[in-house]
>>> print(open('protein_3.pdb').read())   # PDB, C-alpha atoms
ATOM      1  CA  MET A  55     125.095  93.886 123.845
ATOM      2  CA  GLY A  56     123.103  91.917 121.275
ATOM      3  CA  ILE A  57     119.825  92.741 119.583
ATOM      4  CA  GLU A  58     116.839  93.221 121.867
ATOM      5  CA  ILE A  59     113.263  93.409 120.557
ATOM      6  CA  ASN A  60     110.541  94.602 122.928
ATOM      7  CA  GLN A  61     106.852  95.023 122.104
ATOM      8  CA  ILE A  62     105.505  98.581 122.258
ATOM      9  CA  GLY A  63     102.029  98.255 120.699
ATOM     10  CA  SER A  64      98.998  96.612 122.238
ATOM     11  CA  THR A  65      98.956  93.633 119.845
ATOM     12  CA  PHE A  66     102.065  94.195 117.683
ATOM     13  CA  ALA A  67     104.946  96.605 116.914
ATOM     14  CA  ALA A  68     108.287  96.467 118.710
ATOM     15  CA  GLU A  69     111.345  98.581 119.383
ATOM     16  CA  VAL A  70     114.726  97.179 118.387
ATOM     17  CA  THR A  71     117.907  98.121 120.267
ATOM     18  CA  GLY A  72     121.494  96.906 120.319
ATOM     19  CA  ILE A  73     122.197  97.174 116.596
ATOM     20  CA  ASP A  74     123.801  99.693 114.236
ATOM     21  CA  LEU A  75     122.078  99.450 110.853
ATOM     22  CA  LEU A  76     124.651 101.652 109.119
ATOM     23  CA  ARG A  77     127.279  98.883 109.091
ATOM     24  CA  ARG A  78     127.196  95.582 107.235
ATOM     25  CA  LEU A  79     124.989  93.136 109.153
ATOM     26  CA  THR A  80     125.778  89.544 109.928
ATOM     27  CA  ASN A  81     123.500  86.746 108.726
ATOM     28  CA  ASP A  82     122.368  86.202 112.312
ATOM     29  CA  GLU A  83     121.394  89.872 112.684
ATOM     30  CA  VAL A  84     119.403  89.802 109.443
ATOM     31  CA  SER A  85     117.662  86.603 110.613
ATOM     32  CA  ALA A  86     116.812  88.205 113.972
ATOM     33  CA  ILE A  87     115.220  91.212 112.247
ATOM     34  CA  GLU A  88     113.231  88.950 109.904
ATOM     35  CA  ALA A  89     112.019  86.888 112.874
ATOM     36  CA  GLY A  90     111.004  90.111 114.605
ATOM     37  CA  MET A  91     109.068  91.166 111.528
ATOM     38  CA  ASP A  92     107.272  87.811 111.367
ATOM     39  CA  ASN A  93     106.287  88.192 115.003
ATOM     40  CA  TYR A  94     105.625  91.913 115.477
ATOM     41  CA  ALA A  95     104.983  93.075 111.853
ATOM     42  CA  THR A  96     106.331  96.576 112.651
ATOM     43  CA  LEU A  97     109.809  97.342 114.009
ATOM     44  CA  VAL A  98     111.137 100.701 115.241
ATOM     45  CA  PHE A  99     114.859 101.552 115.172
ATOM     46  CA  HIS A 100     116.100 104.828 116.691
ATOM     47  CA  ASP A 101     119.261 106.850 115.988
ATOM     48  CA  GLN A 102     119.950 105.441 112.508
ATOM     49  CA  ALA A 103     121.398 108.397 110.582
ATOM     50  CA  PHE A 104     121.156 106.889 107.100
ATOM     51  CA  ASP A 105     122.233 108.501 103.916
ATOM     52  CA  ASP A 106     120.465 107.223 100.790
ATOM     53  CA  ASP A 107     123.105 104.657  99.838
ATOM     54  CA  GLN A 108     123.196 103.240 103.376
ATOM     55  CA  GLN A 109     119.430 102.876 103.465
ATOM     56  CA  ILE A 110     119.466 101.105 100.108
ATOM     57  CA  GLU A 111     122.265  98.766 101.205
ATOM     58  CA  PHE A 112     120.486  97.876 104.464
ATOM     59  CA  SER A 113     117.193  97.277 102.645
ATOM     60  CA  ARG A 114     118.774  94.805 100.232
ATOM     61  CA  ASN A 115     119.276  92.393 103.140
ATOM     62  CA  PHE A 116     115.568  91.583 102.851
ATOM     63  CA  GLY A 117     114.997  91.165  99.124
ATOM     64  CA  GLU A 118     114.723  93.028  95.855
ATOM     65  CA  ILE A 119     113.976  96.737  96.106
ATOM     66  CA  GLU A 120     110.852  97.845  94.288
ATOM     67  CA  LEU A 121     111.605 100.852  92.076
ATOM     68  CA  ALA A 122     109.661 104.008  92.869
ATOM     69  CA  GLU A 123     108.009 104.455  89.491
ATOM     70  CA  GLY A 124     104.658 106.150  89.063
ATOM     71  CA  ALA A 125     103.089 107.870  92.093
ATOM     72  CA  HIS A 126     103.396 111.676  92.171
ATOM     73  CA  VAL A 127     106.470 111.828  89.899
ATOM     74  CA  ARG A 128     105.237 112.341  86.335
ATOM     75  CA  THR A 129     108.607 112.796  84.608
ATOM     76  CA  GLU A 130     112.215 111.955  85.383
ATOM     77  CA  ALA A 131     112.901 115.693  85.523
ATOM     78  CA  GLN A 132     110.712 115.862  88.651
ATOM     79  CA  ARG A 133     112.545 113.045  90.457
ATOM     80  CA  ARG A 134     114.386 114.236  93.595
ATOM     81  CA  LEU A 135     115.703 110.865  94.774
ATOM     82  CA  LYS A 136     117.166 107.696  93.305
ATOM     83  CA  LEU A 137     114.724 105.197  91.784
ATOM     84  CA  GLU A 138     115.245 102.880  94.760
ATOM     85  CA  LEU A 139     113.756 105.495  97.098
ATOM     86  CA  ALA A 140     110.115 106.538  97.276
ATOM     87  CA  ASP A 141     109.906 110.250  98.067
ATOM     88  CA  VAL A 142     107.157 110.740 100.651
ATOM     89  CA  GLY A 143     108.353 114.133 101.770
ATOM     90  CA  ASN A 144     107.151 117.593 100.770
ATOM     91  CA  LEU A 145     110.196 119.034  98.982
ATOM     92  CA  ASP A 146     110.800 119.947  95.354
ATOM     93  CA  LEU A 147     114.088 119.596  93.446
ATOM     94  CA  ASP A 148     115.379 122.847  94.958
ATOM     95  CA  GLY A 149     114.664 121.717  98.512
ATOM     96  CA  LYS A 150     111.688 124.047  98.850
ATOM     97  CA  VAL A 151     108.389 122.969 100.419
ATOM     98  CA  PHE A 152     105.612 122.310  97.902
ATOM     99  CA  ASP A 153     103.084 125.088  97.422
ATOM    100  CA  ARG A 154      99.724 124.234  98.967
ATOM    101  CA  GLY A 155      98.114 123.542  95.579
ATOM    102  CA  ASP A 156     101.045 121.673  94.026
ATOM    103  CA  ARG A 157      99.859 118.542  92.215
ATOM    104  CA  ARG A 158     102.553 116.460  93.910
ATOM    105  CA  ARG A 159     101.309 117.558  97.330
ATOM    106  CA  MET A 160      97.703 116.824  96.365
ATOM    107  CA  PHE A 161      98.675 113.341  95.188
ATOM    108  CA  ASN A 162     100.608 112.565  98.371
ATOM    109  CA  LEU A 163      97.649 113.536 100.563
ATOM    110  CA  GLY A 164      96.349 110.075  99.661
ATOM    111  CA  ASN A 165      98.964 108.721 102.085
ATOM    112  CA  GLN A 166      96.716 109.987 104.881
ATOM    113  CA  LEU A 167      94.224 107.232 104.012
ATOM    114  CA  TRP A 168      94.694 103.739 105.446
ATOM    115  CA  HIS A 169      96.622 101.667 102.912
ATOM    116  CA  SER A 170      99.139  98.930 102.242
ATOM    117  CA  ASP A 171     102.064  99.965 100.053
ATOM    118  CA  SER A 172     101.887  98.824  96.425
ATOM    119  CA  SER A 173      98.706  96.802  96.810
ATOM    120  CA  PHE A 174      97.861  98.481  93.478
ATOM    121  CA  ARG A 175     100.673  96.539  91.766
ATOM    122  CA  PRO A 176     100.159  92.947  90.544
ATOM    123  CA  THR A 177     102.994  91.908  92.869
ATOM    124  CA  PRO A 178     102.382  93.910  96.047
ATOM    125  CA  ALA A 179     105.062  94.963  98.519
ATOM    126  CA  LYS A 180     106.567  92.821 101.253
ATOM    127  CA  TYR A 181     108.351  95.265 103.579
ATOM    128  CA  SER A 182     108.552  99.049 103.689
ATOM    129  CA  LEU A 183     111.396 100.898 105.421
ATOM    130  CA  LEU A 184     110.801 104.587 106.162
ATOM    131  CA  SER A 185     113.637 106.860 107.272
ATOM    132  CA  ALA A 186     113.047 110.238 108.957
ATOM    133  CA  ARG A 187     115.540 112.813 107.654
ATOM    134  CA  ALA A 188     113.627 115.959 108.718
ATOM    135  CA  ILE A 189     110.327 116.230 110.581
ATOM    136  CA  PRO A 190     107.847 118.989 111.482
ATOM    137  CA  THR A 191     107.689 120.290 115.037
ATOM    138  CA  ALA A 192     104.127 119.077 115.637
ATOM    139  CA  GLY A 193     101.988 116.331 114.112
ATOM    140  CA  GLY A 194     103.012 114.092 111.237
ATOM    141  CA  ASN A 195     102.788 110.797 113.122
ATOM    142  CA  THR A 196     102.398 107.542 111.214
ATOM    143  CA  GLU A 197      99.756 105.090 112.409
ATOM    144  CA  PHE A 198      99.912 101.336 111.889
ATOM    145  CA  ALA A 199      97.096  98.801 112.276
ATOM    146  CA  ASP A 200      97.466  95.068 112.949
ATOM    147  CA  MET A 201      95.509  93.179 110.285
ATOM    148  CA  ARG A 202      96.173  89.816 111.987
ATOM    149  CA  ALA A 203      94.539  90.850 115.245
ATOM    150  CA  ALA A 204      91.692  92.456 113.270
ATOM    151  CA  TYR A 205      91.107  89.183 111.401
ATOM    152  CA  ASP A 206      91.257  87.134 114.596
ATOM    153  CA  ALA A 207      88.574  89.359 116.146
ATOM    154  CA  LEU A 208      86.032  88.591 113.391
ATOM    155  CA  ASP A 209      83.333  86.014 114.039
ATOM    156  CA  ASP A 210      83.500  82.686 112.225
ATOM    157  CA  GLU A 211      80.599  83.539 109.910
ATOM    158  CA  THR A 212      82.326  86.702 108.684
ATOM    159  CA  LYS A 213      85.637  84.891 108.226
ATOM    160  CA  ALA A 214      83.890  82.299 106.046
ATOM    161  CA  GLU A 215      82.239  85.047 103.970
ATOM    162  CA  LEU A 216      85.557  86.794 103.317
ATOM    163  CA  GLU A 217      87.752  83.757 102.689
ATOM    164  CA  ASP A 218      87.627  83.621  98.891
ATOM    165  CA  LEU A 219      86.848  87.249  98.027
ATOM    166  CA  ILE A 220      89.012  89.073  95.480
ATOM    167  CA  CYS A 221      89.287  92.879  95.411
ATOM    168  CA  GLU A 222      90.386  95.335  92.730
ATOM    169  CA  HIS A 223      93.077  97.832  93.809
ATOM    170  CA  SER A 224      94.182 101.029  92.063
ATOM    171  CA  LEU A 225      95.744 104.351  93.061
ATOM    172  CA  ILE A 226      92.936 105.962  91.071
ATOM    173  CA  TYR A 227      90.419 104.635  93.610
ATOM    174  CA  SER A 228      92.268 105.948  96.667
ATOM    175  CA  ARG A 229      92.992 109.375  95.192
ATOM    176  CA  GLY A 230      89.414 109.577  93.988
ATOM    177  CA  GLN A 231      88.217 109.434  97.590
ATOM    178  CA  LEU A 232      89.870 112.836  98.088
ATOM    179  CA  GLY A 233      88.499 114.291  94.856
ATOM    180  CA  PHE A 234      91.816 113.939  92.998
ATOM    181  CA  SER A 235      91.134 113.001  89.388
ATOM    182  CA  GLU A 236      93.977 114.658  87.462
ATOM    183  CA  PHE A 237      95.389 111.573  85.737
ATOM    184  CA  SER A 238      96.983 111.473  82.292
ATOM    185  CA  GLU A 239      96.127 108.665  79.897
ATOM    186  CA  GLU A 240      99.540 107.136  80.602
ATOM    187  CA  GLU A 241      98.872 107.208  84.356
ATOM    188  CA  LYS A 242      95.467 105.623  83.887
ATOM    189  CA  LYS A 243      97.200 102.781  82.059
ATOM    190  CA  ILE A 244      99.868 102.457  84.773
ATOM    191  CA  PHE A 245      97.199 102.397  87.474
ATOM    192  CA  THR A 246      94.940  99.839  85.781
ATOM    193  CA  PRO A 247      93.183  97.960  88.616
ATOM    194  CA  VAL A 248      94.814  94.753  89.834
ATOM    195  CA  ARG A 249      93.325  91.865  91.792
ATOM    196  CA  GLN A 250      94.295  90.935  95.347
ATOM    197  CA  CYS A 251      92.873  88.450  97.832
ATOM    198  CA  LEU A 252      90.974  89.976 100.754
ATOM    199  CA  VAL A 253      92.375  87.410 103.196
ATOM    200  CA  ARG A 254      96.074  86.494 103.175
ATOM    201  CA  SER A 255      98.117  83.882 105.026
ATOM    202  CA  HIS A 256     101.653  84.726 106.133
ATOM    203  CA  PRO A 257     104.174  82.477 104.337
ATOM    204  CA  VAL A 258     106.210  81.806 107.519
ATOM    205  CA  THR A 259     103.751  81.843 110.426
ATOM    206  CA  GLY A 260     100.644  80.786 108.486
ATOM    207  CA  ARG A 261      98.670  83.414 110.396
ATOM    208  CA  LYS A 262      95.762  84.942 108.463
ATOM    209  CA  SER A 263      95.204  88.660 108.069
ATOM    210  CA  LEU A 264      92.892  91.057 106.274
ATOM    211  CA  TYR A 265      94.389  92.637 103.160
ATOM    212  CA  LEU A 266      92.709  96.026 103.064
ATOM    213  CA  ALA A 267      93.627  99.388 101.525
ATOM    214  CA  SER A 268      92.042 102.643 100.450
ATOM    215  CA  HIS A 269      93.155 101.514  96.968
ATOM    216  CA  ILE A 270      90.264  99.008  96.870
ATOM    217  CA  GLY A 271      87.522 100.027  94.456
ATOM    218  CA  THR A 272      85.333  96.953  94.332
ATOM    219  CA  ILE A 273      85.050  93.229  95.045
ATOM    220  CA  ILE A 274      84.835  90.841  92.122
ATOM    221  CA  GLY A 275      81.302  89.478  91.737
ATOM    222  CA  ARG A 276      79.593  92.043  93.964
ATOM    223  CA  PRO A 277      77.799  95.284  93.102
ATOM    224  CA  MET A 278      80.129  98.203  93.734
ATOM    225  CA  PRO A 279      77.998  99.922  96.429
ATOM    226  CA  GLU A 280      77.748  96.652  98.366
ATOM    227  CA  ALA A 281      81.471  95.994  97.945
ATOM    228  CA  ARG A 282      82.507  99.456  99.090
ATOM    229  CA  ALA A 283      80.177  99.311 102.079
ATOM    230  CA  LEU A 284      81.777  96.032 103.163
ATOM    231  CA  ILE A 285      85.313  97.389 102.721
ATOM    232  CA  ARG A 286      84.387 100.512 104.689
ATOM    233  CA  ASP A 287      82.994  98.424 107.549
ATOM    234  CA  LEU A 288      86.015  96.127 107.587
ATOM    235  CA  THR A 289      88.395  99.085 107.616
ATOM    236  CA  GLU A 290      86.513 100.688 110.510
ATOM    237  CA  HIS A 291      86.771  97.406 112.396
ATOM    238  CA  ALA A 292      90.458  96.844 111.553
ATOM    239  CA  THR A 293      91.564 100.325 112.631
ATOM    240  CA  LYS A 294      89.967 100.386 116.072
ATOM    241  CA  PRO A 295      92.303 101.869 118.712
ATOM    242  CA  GLU A 296      93.093  98.463 120.189
ATOM    243  CA  PHE A 297      94.667  97.395 116.873
ATOM    244  CA  VAL A 298      96.643 100.614 116.228
ATOM    245  CA  TYR A 299     100.169 101.764 117.089
ATOM    246  CA  SER A 300     100.968 105.458 116.470
ATOM    247  CA  HIS A 301     104.605 106.340 115.874
ATOM    248  CA  LYS A 302     105.822 109.809 116.846
ATOM    249  CA  TRP A 303     108.875 110.444 114.692
ATOM    250  CA  LYS A 304     112.328 111.609 115.692
ATOM    251  CA  VAL A 305     115.066 112.440 113.190
ATOM    252  CA  GLY A 306     117.090 109.275 112.659
ATOM    253  CA  ASP A 307     114.172 106.898 113.200
ATOM    254  CA  LEU A 308     113.716 104.002 110.816
ATOM    255  CA  VAL A 309     110.399 102.167 110.905
ATOM    256  CA  MET A 310     110.071  98.886 109.045
ATOM    257  CA  TRP A 311     106.726  97.214 108.510
ATOM    258  CA  ASP A 312     105.227  94.187 106.797
ATOM    259  CA  ASN A 313     102.624  95.274 104.240
ATOM    260  CA  ARG A 314     101.184  91.744 104.217
ATOM    261  CA  GLN A 315     100.135  92.086 107.858
ATOM    262  CA  THR A 316      99.512  95.787 108.481
ATOM    263  CA  LEU A 317      97.823  98.950 107.280
ATOM    264  CA  HIS A 318      99.316 102.393 107.816
ATOM    265  CA  ARG A 319      98.564 106.045 107.211
ATOM    266  CA  ALA A 320     100.351 109.389 107.617
ATOM    267  CA  ARG A 321      98.763 111.993 109.865
ATOM    268  CA  PRO A 322      98.634 115.723 109.079
ATOM    269  CA  PHE A 323     101.036 118.180 110.685
ATOM    270  CA  LYS A 324     100.213 121.647 111.921
ATOM    271  CA  ASP A 325     102.378 123.899 109.769
ATOM    272  CA  THR A 326     102.308 122.824 106.123
ATOM    273  CA  LYS A 327     105.235 125.168 105.413
ATOM    274  CA  GLU A 328     107.577 123.087 107.570
ATOM    275  CA  VAL A 329     109.863 120.475 106.025
ATOM    276  CA  ARG A 330     108.990 116.788 106.238
ATOM    277  CA  ASP A 331     111.667 114.757 104.478
ATOM    278  CA  MET A 332     110.833 111.040 104.632
ATOM    279  CA  ARG A 333     112.444 108.462 102.343
ATOM    280  CA  ARG A 334     111.123 104.936 101.858
ATOM    281  CA  THR A 335     112.651 101.816 100.443
ATOM    282  CA  THR A 336     110.188  99.082  99.552
ATOM    283  CA  ILE A 337     110.913  95.373  99.319
ATOM    284  CA  ALA A 338     109.003  93.629  96.532
ATOM    285  CA  GLY A 339     106.780  90.681  97.336
ATOM    286  CA  ASP A 340     107.115  87.183  95.944
ATOM    287  CA  GLY A 341     104.198  87.333  93.482
ATOM    288  CA  PRO A 342     100.523  88.220  92.960
ATOM    289  CA  THR A 343      98.010  87.200  95.606
ATOM    290  CA  ALA A 344      95.390  86.450  92.937
ATOM    291  CA  ALA A 345      95.266  85.714  89.202
ATOM    292  CA  GLN A 346      95.100  88.888  87.103
ATOM    293  CA  ILE A 347      92.700  89.631  84.282
ATOM    294  CA  ALA A 348      93.946  88.281  80.951
ATOM    295  CA  ALA A 349      95.075  91.007  78.559
TER     296      ALA A 349
END
>>> encode(input="protein_3.pdb", output="structure tokens")
Amino acid sequence: MGIEINQIGSTFAAEVTGIDLLRRLTNDEVSAIEAGMDNYATLVFHDQAFDDDQQIEFSRNFGEIELAEGAHVRTEAQRRLKLELADVGNLDLDGKVFDRGDRRRMFNLGNQLWHSDSSFRPTPAKYSLLSARAIPTAGGNTEFADMRAAYDALDDETKAELEDLICEHSLIYSRGQLGFSEFSEEEKKIFTPVRQCLVRSHPVTGRKSLYLASHIGTIIGRPMPEARALIRDLTEHATKPEFVYSHKWKVGDLVMWDNRQTLHRARPFKDTKEVRDMRRTTIAGDGPTAAQIAA
């Protein structure tokens, strides 16, 4: 049986069957997955029992892996996983669940805000691939929102207003929304705001989408209160239920999404003492969406 891709969300997201991602893929299989991503923006694969090396090898079919530098890991001594893997779980180096007040846990709570991975980098992410190694018994879903359908639903006047707007993105902005302000001087330098277009066009389909994220702090050329009010309103519009797919995880699931066309957020789970071990590989984009500030 060959690959089958069937839509599961109202406007996007699909389930992929008939493929084992743990073996070396053919060129045709890679092309089929890429075509599915162009069309559905979010793909769900079940029963893919990756180890770290297998996940890395599979991810390299789609481009260069973005190294997981920065984020909640302050020193190499705190790093639990290889640099190719972003650690979005809740475990320390000894495999113990973070204490409630652990700085790393506080930092990762920002993942519960709607965002696009690495929009705070000059070259933002293309794809993200998240593997479920251990999950809590209740809660912990991940929600995805279709930024193409959200853009299409805007009126022509609003589309014209947004067309040429440039936003500033930084992890400092998103964490600040939750009252997290514990940044070293080195981190402040790493998270210097970068510029991204508010409206993007997909390089293959040409379809336009909103490029939103909780990482947005302002819009170039607009007063900050006005800019943040507009971003808030756009995010409320773009994450209406009709644009959202919620994924309920099973161990062995791999979900792959296109950060150029979607937003996502993690949802809380009931017992914060339970293990949630999730490992993400991230495929780097092709370049900045907007010119950066000269040094």
>>> resolve_selection(input="protein_3.pdb", expression="the PyMOL selection byres ((chain A and resi 332-339) around 8)", output="VMD selection string")
chain A and resid 109 to 110 113 to 114 116 to 121 138 to 143 177 to 189 330 to 331 340 to 341
>>> write_last_selection(input="protein_3.pdb", atoms="C-alpha atoms", output="CSV table (one decimal), in the coordinates of the input")
chain,number,residue,atom,x,y,z
A,109,GLN,CA,119.4,102.9,103.5
A,110,ILE,CA,119.5,101.1,100.1
A,113,SER,CA,117.2,97.3,102.6
A,114,ARG,CA,118.8,94.8,100.2
A,116,PHE,CA,115.6,91.6,102.9
A,117,GLY,CA,115.0,91.2,99.1
A,118,GLU,CA,114.7,93.0,95.9
A,119,ILE,CA,114.0,96.7,96.1
A,120,GLU,CA,110.9,97.8,94.3
A,121,LEU,CA,111.6,100.9,92.1
A,138,GLU,CA,115.2,102.9,94.8
A,139,LEU,CA,113.8,105.5,97.1
A,140,ALA,CA,110.1,106.5,97.3
A,141,ASP,CA,109.9,110.2,98.1
A,142,VAL,CA,107.2,110.7,100.7
A,143,GLY,CA,108.4,114.1,101.8
A,177,THR,CA,103.0,91.9,92.9
A,178,PRO,CA,102.4,93.9,96.0
A,179,ALA,CA,105.1,95.0,98.5
A,180,LYS,CA,106.6,92.8,101.3
A,181,TYR,CA,108.4,95.3,103.6
A,182,SER,CA,108.6,99.0,103.7
A,183,LEU,CA,111.4,100.9,105.4
A,184,LEU,CA,110.8,104.6,106.2
A,185,SER,CA,113.6,106.9,107.3
A,186,ALA,CA,113.0,110.2,109.0
A,187,ARG,CA,115.5,112.8,107.7
A,188,ALA,CA,113.6,116.0,108.7
A,189,ILE,CA,110.3,116.2,110.6
A,330,ARG,CA,109.0,116.8,106.2
A,331,ASP,CA,111.7,114.8,104.5
A,340,ASP,CA,107.1,87.2,95.9
A,341,GLY,CA,104.2,87.3,93.5
>>> atom_distance(input="protein_3.pdb", atom1="atom CA of A:Lys136", atom2="atom CA of A:Gly194")
23.7 Å
>>> resolve_selection(input="protein_3.pdb", expression="the PyMOL selection byres ((chain A and resi 220) around 9)", output="PyMOL selection string")
chain A and resi 216+218-219+221-222+249-253+272-275+344
>>> atom_distance(input="protein_3.pdb", atom1="atom CA of A:Gln166", atom2="atom CA of A:Ala292")
16.0 Å
>>> resolve_selection(input="protein_3.pdb", expression="the PyMOL selection byres ((chain A and resi 65) around 8)", output="list in words")
Gly63, Ser64, Phe66, Ala67, Asp200, Ala203, Glu296 and Phe297 of chain A
>>> closest_residue(input="protein_3.pdb", among="A:Leu76, A:Leu135, A:Met201, A:Ile59", to="A:Leu264", atoms="all atoms listed in the file")
A:Met201
>>> atom_distance(input="protein_3.pdb", atom1="atom CA of A:Pro247", atom2="atom CA of A:Pro176")
8.8 Å
>>> build_atoms(input="protein_3.pdb", residues="stretch 68-81 of chain A", atoms="N, CA and C atoms", output="mmCIF file, keeping the file's coordinate frame")
data_model
loop_
_atom_site.group_PDB
_atom_site.id
_atom_site.type_symbol
_atom_site.label_atom_id
_atom_site.label_comp_id
_atom_site.auth_asym_id
_atom_site.auth_seq_id
_atom_site.Cartn_x
_atom_site.Cartn_y
_atom_site.Cartn_z
ATOM 1 N N ALA A 68 107.225 96.630 117.727
ATOM 2 C CA ALA A 68 108.287 96.467 118.710
ATOM 3 C C ALA A 68 109.422 97.424 118.433
ATOM 4 N N GLU A 69 110.164 97.743 119.477
ATOM 5 C CA GLU A 69 111.345 98.581 119.383
ATOM 6 C C GLU A 69 112.575 97.699 119.404
ATOM 7 N N VAL A 70 113.504 97.975 118.502
ATOM 8 C CA VAL A 70 114.726 97.179 118.387
ATOM 9 C C VAL A 70 115.910 98.011 118.875
ATOM 10 N N THR A 71 116.713 97.451 119.775
ATOM 11 C CA THR A 71 117.907 98.121 120.267
ATOM 12 C C THR A 71 119.102 97.173 120.132
ATOM 13 N N GLY A 72 120.294 97.726 120.335
ATOM 14 C CA GLY A 72 121.494 96.906 120.319
ATOM 15 C C GLY A 72 122.027 96.581 118.949
ATOM 16 N N ILE A 73 121.714 97.429 117.949
ATOM 17 C CA ILE A 73 122.197 97.174 116.596
ATOM 18 C C ILE A 73 122.403 98.487 115.867
ATOM 19 N N ASP A 74 123.488 98.553 115.081
ATOM 20 C CA ASP A 74 123.801 99.693 114.236
ATOM 21 C C ASP A 74 123.529 99.285 112.789
ATOM 22 N N LEU A 75 122.485 99.851 112.198
ATOM 23 C CA LEU A 75 122.078 99.450 110.853
ATOM 24 C C LEU A 75 122.950 100.055 109.764
ATOM 25 N N LEU A 76 123.829 100.995 110.121
ATOM 26 C CA LEU A 76 124.651 101.652 109.119
ATOM 27 C C LEU A 76 125.880 100.822 108.724
ATOM 28 N N ARG A 77 126.167 99.760 109.456
ATOM 29 C CA ARG A 77 127.279 98.883 109.091
ATOM 30 C C ARG A 77 126.719 97.610 108.442
ATOM 31 N N ARG A 78 127.605 96.837 107.865
ATOM 32 C CA ARG A 78 127.196 95.582 107.235
ATOM 33 C C ARG A 78 126.728 94.607 108.318
ATOM 34 N N LEU A 79 125.547 94.031 108.142
ATOM 35 C CA LEU A 79 124.989 93.136 109.153
ATOM 36 C C LEU A 79 125.459 91.708 108.935
ATOM 37 N N THR A 80 125.490 90.972 110.027
ATOM 38 C CA THR A 80 125.778 89.544 109.928
ATOM 39 C C THR A 80 124.506 88.802 109.524
ATOM 40 N N ASN A 81 124.663 87.562 109.080
ATOM 41 C CA ASN A 81 123.500 86.746 108.726
ATOM 42 C C ASN A 81 122.586 86.552 109.930
#
